[in-house]
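J.: Mind having a look at this structure? Questions to follow.
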Number of protein chains: 2
Amino acid sequence: MKNPDPGTRQGLHMDRASSSTVARLSSYLRLLRELEAHNIETISSSHLAERTAVTPAQVRKDLSSFGNFGRRGLGYNVRRLRQEIGEILGLTRIWRVGLVGAGNLGHALFSYEGFGRQGFPIEAVFDADPRKVGTAWNGMQVQSFEEFPRVARRSPFEIIILAVPGEVAQQVVDTVVASGTRGILNFAPAKLQVPSGVAVREVDLSIAMESLSFALSR
Amino acid sequence: MKNPDPGTRQGLHMDRASSSTVARLSSYLRLLRELEAHNIETISSSHLAERTAVTPAQVRKDLSSFGNFGRRGLGYNVRRLRQEIGEILGLTRIWRVGLVGAGNLGHALFSYEGFGRQGFPIEAVFDADPRKVGTAWNGMQVQSFEEFPRVARRSPFEIIILAVPGEVAQQVVDTVVASGTRGILNFAPAKLQVPSGVAVREVDLSIAMESLSFALSR
């Protein structure tokens, strides 16, 4: 990752950035992409704040290390800010991603175009069920999970999307972590134990639902 | 919703609560449920902060209106705090939920046990594809989306889970909103236009992936 100004970059304190900071960066990034698609070249921090439902003070704090892209009265250069946030989020490269679990959820995730578009194309699919192994998904054969260590030895997976039943999730994670994977996107209803140095992100669909029921209860 | 002390309740300013406040309440709630399952009766705000990766000051601010449940040196009563947060989030009732879209994602969401357990059981499934209409999912027949207005007139859906292709999403939403639905959980890759008074929550799977790539880029 290029780092033209280590001094200001450190200002973000990214090593201990909270998950909410990362979520806000994701949200700025989405807006910047949309603006870029409409050929809009600059945006003020107050407009960025308004469009992402964040306070202007928080936006300025989050982007303080991008000072060289924003000038008082001129706002931020949309394209450069988008590139810079993309680099911070690790989106300027292609990640090696595997999917474990070829059930309905696995298939839905496999078909989800957003992953491939954003640098997370699924390169292999594994399942333990012999009835699923060998079936072709869009030209890609589902492989037996028994083969995982061998396949990963040849070309390791950086990220595994986990779409297996909760009761086998830990066992699957132990195998993929032993094979060198350091990132898990977990859809299984299970709290996973992983060694330090391995990152797990849970996708809990109920949280979005709770936010909805909260809004409807007002 | 019972409201023993309107003065302190207003302290939360819930009508303009940000989505991050609601996300933190969801996160406290998950921890409290876990503690309750382990028969733990009280928790300090600092411990609650540590376990949910929130600053202690933020926890105290979020829970300031629950002062009657927390006493200096004694901490919060787990069960009462869990009940109170559940009420704030609208989780003490059953919501009428319909699913539109009977593809792989729709089926995965239908099978997701978390919704039913938390008061969001899916009561009906709709699809526009004649090959899917009439098929039975766990004893529930997929209905034609053409029937939606008629079915909703008989018993309106408060929340619709949207799992349709992006290009038909807006059209589907227009129909469900016209039928009285005020909450949309959107899995379709589309920005939806809705009248004021209708709440939409997007589930963007890429955001969790970006958080992972950020962590792995360190």
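Convention: chains lettered A, B, ... in structure tokens order; per-chain residue numbering from 1; ligands numbered from 1 as shown.
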Could you give the C-alpha RMSD in Å for chain A superposed on chain B, pairing all atoms in order?

T.: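 The C-alpha RMSD comes out at 0.1 Å.
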
J.: Can you list, as JSON, numbers by chain, every protein, DNA or RNA residue that comes within 9 Å of Ala23 of chain B when you count only C-alpha atoms, leaving out same-chain residues fewer than 6 positions away?

T.: {"A": [207, 208, 210, 211]}

J.: For the selection you just gave me, I'd like the residues written to a file as an mmCIF file, in the first residue's frame, keeping C-alpha atoms.

T.:
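Heads up, here's the output in selection-v1.cif:
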data_model
loop_
_atom_site.group_PDB
_atom_site.id
_atom_site.type_symbol
_atom_site.label_atom_id
_atom_site.label_comp_id
_atom_site.auth_asym_id
_atom_site.auth_seq_id
_atom_site.Cartn_x
_atom_site.Cartn_y
_atom_site.Cartn_z
ATOM 1 C CA ILE A 207 -29.474 -6.929 13.831
ATOM 2 C CA ALA A 208 -30.895 -5.301 10.703
ATOM 3 C CA GLU A 210 -33.996 -5.198 15.185
ATOM 4 C CA SER A 211 -33.164 -1.822 13.711
#

J.: With distances taken over only C-alpha atoms, which of A:Glu36, A:Leu205, A:Leu74, A:Leu29 is nearest to Ala108 of chain B?

T.: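 Residue with the minimum atom-to-atom distance to Ala108 of chain B: A:Leu205.
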
J.: May I have all residues of segment 12-215 of chain A that DSSP, computed from the backbone, assigns to helix (DSSP H, G or I), given as an NGL selection string?

T.: :A and (14-16 or 19-37 or 45-52 or 56-62 or 64-69 or 78-88 or 104-111 or 113-117 or 145-154 or 166-178 or 205-215)

J.: Provide as an MDAnalysis selection string the residues of chain A at most 6 Å from chain B, counting only C-alpha atoms.

T.: chainID A and resid 89:90 104:105 108 213:214 217

J.: Run DSSP on the backbone and tell me which residues of segment 9-167 of chain A come out as strand (DSSP E); list them as an NGL selection string.

T.: :A and (42-43 or 70-71 or 75-77 or 97-100 or 122-127 or 136-137 or 140-144 or 159-162)

J.: Please compute the atom CA of Gln171 of chain A-atom CA of Glu123 of chain A distance, one decimal, in Å.

T.: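 Here the two named atoms are 21.6 Å from each other.
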
J.: Compile the contact shell of segment 55-61 of chain B as a count of residues only: residues with an atom at most 7 Å away, counting only C-alpha atoms, same-chain residues fewer than 2 positions apart removed.

T.: 6

J.: For segment 179-181 of chain A, please output as a ChimeraX atom specification all residues within 7 Å (counting only C-alpha atoms; exclusion window: fewer than 3 positions along the same chain).

T.: /A:149,152-153,156-159,175-176

J.: Expressed in Å to a single decimal, how great is the separation between atom CA of Val151 of chain B and atom CA of Pro195 of chain B?

T.: 21.9 Å

J.: Could you tell me which of B:Ala169, B:Ile85, B:Ile43, B:Ile94 comes closest to Asp62 of chain B if we count only C-alpha atoms?

T.: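 Selected residue with least distance to Asp62 of chain B: B:Ile85.
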
J.: Could you tell me how far atom CA of Met140 of chain A lies from atom CA of Glu167 of chain A, in Å and to one decimal?

T.: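 Atom CA of Met140 of chain A sits 26.6 Å away from atom CA of Glu167 of chain A.
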
J.: Show which residues sit within 9 Å of segment 32-34 of chain B, as a PyMOL selection string. Count only C-alpha atoms, and ignore same-chain residues fewer than 6 positions away.

T.: chain B and resi 40+43+48+78-79+81-82
